[in-house]
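K.L.:
Sharing a structure here in structure tokens format.
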Amino acid sequence: MTHQVHAFEPPERFVAGTVGPPGERTFFLQARGGGRLVSVALEKVQVSLLAEKLEELLSEAQRRFGVDLPELPPAVGDNDPLDTPVDEEFRVGTLGLAFDVDTATVVIEAIAVGETEVEVELGDAPDDDEDEEPDEPDEDLDRLRVRLTPEATRAFIERARRVVNAGRPPCPLCGQPLDPAGHLCPRHNGYHR
């Protein structure tokens, strides 16, 4: 099976977004450019972590390489929904980040979840490949690669944080997400709040 690298260097648009109602949202990274649209699914915590790590990466680039970091006015930003159709290319297992000093751009790679489980299900005898070298991790996995300017990175971070925070409001007592019908709050010994 050949792996695909979906490269957008740079994309016309690269955003985090969700599909579905709060509490049942599916999170996506979506890149658009050159007439192509690629959406990859990931966990809420991965979106949150990506925003955090990108912020650290920009700060590090500024500190080490003197990269100018743009300040974003709060009103600016891409609040539009994801482009449709949102067809999941793959589910993200690993996220890779790098700063390219030569072009002063941020490179983000979203790499598909490994498919080791699938190989076993196909009935391969586990002892057939004892003397084979293990594959380089991620070498044969689909990936989405985008290259962003510091401005575009900052805009991505702002939107990603809004998307993560736009879910169900947290319970003031335990911090867990509140459902419209309430939830079993551990601080209330299991009584509905």
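Here, A, B, ... name the chains of the structure tokens in the order displayed, residue numbers run from 1 inside each chain, and ligands are numbered from 1 in the same displayed order.
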Extract, using only C-alpha atoms, all DNA, RNA and protein residues at most 7 Å from Gly33 in chain A, discarding same-chain residues fewer than 3 positions from it, and format them as a PyMOL selection string.

P.N.:
chain A and resi 8+11-13+36-37

K.L.:
What are the closest atom pairs, with distances in Å to one decimal, for each residue of range 1-50 of chain A lying within 9 Å of range 84-105 of chain A, using only C-alpha atoms, rows by chain and rising residue number, as a Markdown table?

P.N.:
| residue | atom | partner | partner_atom | distance |
| --- | --- | --- | --- | --- |
| A:Val19 | CA | A:Val86 | CA | 8.4 |
| A:Phe28 | CA | A:Glu88 | CA | 8.2 |
| A:Gln30 | CA | A:Val86 | CA | 8.4 |
| A:Leu37 | CA | A:Val86 | CA | 8.5 |
| A:Val38 | CA | A:Glu89 | CA | 6.7 |
| A:Ser39 | CA | A:Glu88 | CA | 5.3 |
| A:Val40 | CA | A:Glu88 | CA | 5.2 |
| A:Ala41 | CA | A:Arg91 | CA | 4.7 |
| A:Leu42 | CA | A:Val92 | CA | 5.2 |
| A:Glu43 | CA | A:Val92 | CA | 8.2 |
| A:Gln46 | CA | A:Leu95 | CA | 8.2 |
| A:Leu50 | CA | A:Leu95 | CA | 7.7 |

K.L.:
Find the residue from A:Ala155, A:Leu49, A:Ala166, A:Leu54 that sits nearest to Asp78 in chain A; use only C-alpha atoms when measuring.

P.N.:
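Nearest candidate to Asp78 in chain A out of A:Ala155, A:Leu49, A:Ala166, A:Leu54: A:Ala155.
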
K.L.:
Give the strand (DSSP E) residues of range 13-115 of chain A, as DSSP finds them on the backbone, and put them as a PDB file with C-alpha atoms, in the first residue's frame.

P.N.:
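Here's the written file out01.pdb:
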ATOM      1  CA  ARG A  13      -6.044  27.907   4.451  1.00  0.00           C
ATOM      2  CA  PHE A  14      -5.040  25.694   7.391  1.00  0.00           C
ATOM      3  CA  VAL A  15      -7.376  25.463  10.361  1.00  0.00           C
ATOM      4  CA  ALA A  16      -8.549  23.323  13.232  1.00  0.00           C
ATOM      5  CA  GLY A  17     -12.293  22.794  13.366  1.00  0.00           C
ATOM      6  CA  THR A  18     -15.027  20.473  14.520  1.00  0.00           C
ATOM      7  CA  VAL A  19     -18.026  18.639  13.185  1.00  0.00           C
ATOM      8  CA  THR A  26     -15.027  15.342  16.013  1.00  0.00           C
ATOM      9  CA  PHE A  27     -11.905  17.465  15.679  1.00  0.00           C
ATOM     10  CA  PHE A  28     -10.165  17.996  12.359  1.00  0.00           C
ATOM     11  CA  LEU A  29      -7.152  19.707  10.898  1.00  0.00           C
ATOM     12  CA  GLN A  30      -7.999  20.918   7.427  1.00  0.00           C
ATOM     13  CA  ALA A  31      -5.694  22.215   4.702  1.00  0.00           C
ATOM     14  CA  ARG A  32      -6.808  23.775   1.434  1.00  0.00           C
ATOM     15  CA  GLY A  33      -4.737  24.829  -1.534  1.00  0.00           C
ATOM     16  CA  ARG A  36      -7.236  20.283  -3.023  1.00  0.00           C
ATOM     17  CA  LEU A  37      -8.910  19.898   0.362  1.00  0.00           C
ATOM     18  CA  VAL A  38      -7.532  17.510   2.976  1.00  0.00           C
ATOM     19  CA  SER A  39      -9.131  16.862   6.375  1.00  0.00           C
ATOM     20  CA  VAL A  40      -7.563  14.656   9.052  1.00  0.00           C
ATOM     21  CA  ALA A  41      -9.251  13.682  12.315  1.00  0.00           C
ATOM     22  CA  LEU A  42      -7.608  14.002  15.710  1.00  0.00           C
ATOM     23  CA  GLU A  88     -11.516  12.114   6.833  1.00  0.00           C
ATOM     24  CA  GLU A  89      -8.301  11.146   4.999  1.00  0.00           C
ATOM     25  CA  PHE A  90      -6.905   9.482   8.122  1.00  0.00           C
ATOM     26  CA  ARG A  91      -6.781   9.718  11.901  1.00  0.00           C
ATOM     27  CA  VAL A  92      -3.716  11.474  13.289  1.00  0.00           C
ATOM     28  CA  GLY A  93      -1.393   9.422  15.485  1.00  0.00           C
ATOM     29  CA  THR A  94       1.656  11.684  15.652  1.00  0.00           C
ATOM     30  CA  LEU A  95       2.200  15.395  15.201  1.00  0.00           C
ATOM     31  CA  GLY A  96       5.606  16.714  14.216  1.00  0.00           C
ATOM     32  CA  LEU A  97       6.724  20.345  14.366  1.00  0.00           C
ATOM     33  CA  ALA A  98       9.818  22.043  13.046  1.00  0.00           C
ATOM     34  CA  PHE A  99      11.045  25.546  12.337  1.00  0.00           C
ATOM     35  CA  ASP A 100      12.779  26.057   9.008  1.00  0.00           C
ATOM     36  CA  THR A 105       8.473  29.063   8.281  1.00  0.00           C
ATOM     37  CA  VAL A 106       6.865  26.569  10.609  1.00  0.00           C
ATOM     38  CA  VAL A 107       6.456  23.015   9.307  1.00  0.00           C
ATOM     39  CA  ILE A 108       3.656  20.910  10.783  1.00  0.00           C
ATOM     40  CA  GLU A 109       3.323  17.221   9.988  1.00  0.00           C
ATOM     41  CA  ALA A 110       0.277  15.219  10.976  1.00  0.00           C
ATOM     42  CA  ILE A 111       1.081  11.520  10.610  1.00  0.00           C
ATOM     43  CA  ALA A 112      -1.539   8.790  10.475  1.00  0.00           C
TER      44      ALA A 112
END

K.L.:
Ranking A:Arg161, A:Thr2, A:Pro186, A:Gly35 by minimum distance to Leu173 in chain A and counting only C-alpha atoms, which one comes first?

P.N.:
A:Pro186

K.L.:
Which one is closest to Glu158 in chain A: A:His3, A:Asn79, A:Lys44, A:Leu58? Count only C-alpha atoms.

P.N.:
A:Asn79

K.L.:
Take CA of Arg63 in chain A and CA of Pro150 in chain A and report the distance between them in Å, one decimal.

P.N.:
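We find that CA of Arg63 in chain A and CA of Pro150 in chain A lie 13.6 Å from each other.
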
K.L.:
Identify all residues of chain A in alpha helix (DSSP H) (DSSP on the backbone) and supply them as a PyMOL selection string.

P.N.:
chain A and resi 44-65+116-121+150-165

K.L.:
Could you save the residues just selected, with C-alpha atoms, as a PDB file, in the first residue's frame?

P.N.:
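Final output, again.pdb:
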ATOM      1  CA  LYS A  44      -9.317  17.449  21.198  1.00  0.00           C
ATOM      2  CA  VAL A  45      -6.246  17.080  23.399  1.00  0.00           C
ATOM      3  CA  GLN A  46      -4.037  16.877  20.276  1.00  0.00           C
ATOM      4  CA  VAL A  47      -5.456  20.178  18.989  1.00  0.00           C
ATOM      5  CA  SER A  48      -4.852  21.795  22.353  1.00  0.00           C
ATOM      6  CA  LEU A  49      -1.318  20.426  22.568  1.00  0.00           C
ATOM      7  CA  LEU A  50      -0.558  21.460  18.991  1.00  0.00           C
ATOM      8  CA  ALA A  51      -1.520  25.074  19.752  1.00  0.00           C
ATOM      9  CA  GLU A  52       0.609  25.027  22.903  1.00  0.00           C
ATOM     10  CA  LYS A  53       3.656  23.512  21.174  1.00  0.00           C
ATOM     11  CA  LEU A  54       3.372  25.900  18.207  1.00  0.00           C
ATOM     12  CA  GLU A  55       3.380  28.830  20.646  1.00  0.00           C
ATOM     13  CA  GLU A  56       6.547  27.406  22.257  1.00  0.00           C
ATOM     14  CA  LEU A  57       8.104  26.866  18.826  1.00  0.00           C
ATOM     15  CA  LEU A  58       7.460  30.486  17.805  1.00  0.00           C
ATOM     16  CA  SER A  59       8.923  31.784  21.075  1.00  0.00           C
ATOM     17  CA  GLU A  60      11.970  29.571  20.614  1.00  0.00           C
ATOM     18  CA  ALA A  61      12.407  30.766  17.012  1.00  0.00           C
ATOM     19  CA  GLN A  62      12.229  34.359  18.194  1.00  0.00           C
ATOM     20  CA  ARG A  63      14.721  33.727  20.987  1.00  0.00           C
ATOM     21  CA  ARG A  64      17.227  31.717  18.967  1.00  0.00           C
ATOM     22  CA  PHE A  65      16.930  33.151  15.464  1.00  0.00           C
ATOM     23  CA  THR A 116       0.279  -2.447  12.992  1.00  0.00           C
ATOM     24  CA  GLU A 117      -3.008  -3.819  14.338  1.00  0.00           C
ATOM     25  CA  VAL A 118      -4.391  -4.143  10.825  1.00  0.00           C
ATOM     26  CA  GLU A 119      -1.462  -6.243   9.617  1.00  0.00           C
ATOM     27  CA  VAL A 120      -2.100  -8.814  12.323  1.00  0.00           C
ATOM     28  CA  GLU A 121      -5.786  -9.052  11.398  1.00  0.00           C
ATOM     29  CA  PRO A 150       4.781  32.943  11.673  1.00  0.00           C
ATOM     30  CA  GLU A 151       1.666  35.097  11.003  1.00  0.00           C
ATOM     31  CA  ALA A 152      -0.300  32.108   9.703  1.00  0.00           C
ATOM     32  CA  THR A 153       0.946  30.012  12.632  1.00  0.00           C
ATOM     33  CA  ARG A 154      -0.215  32.615  15.135  1.00  0.00           C
ATOM     34  CA  ALA A 155      -3.638  32.748  13.422  1.00  0.00           C
ATOM     35  CA  PHE A 156      -3.834  28.933  13.532  1.00  0.00           C
ATOM     36  CA  ILE A 157      -3.015  28.927  17.270  1.00  0.00           C
ATOM     37  CA  GLU A 158      -5.693  31.533  18.046  1.00  0.00           C
ATOM     38  CA  ARG A 159      -8.367  29.622  16.144  1.00  0.00           C
ATOM     39  CA  ALA A 160      -7.314  26.245  17.574  1.00  0.00           C
ATOM     40  CA  ARG A 161      -7.708  27.626  21.101  1.00  0.00           C
ATOM     41  CA  ARG A 162     -11.141  29.057  20.285  1.00  0.00           C
ATOM     42  CA  VAL A 163     -12.217  25.718  18.794  1.00  0.00           C
ATOM     43  CA  VAL A 164     -11.037  23.754  21.840  1.00  0.00           C
ATOM     44  CA  ASN A 165     -12.736  26.174  24.235  1.00  0.00           C
TER      45      ASN A 165
END
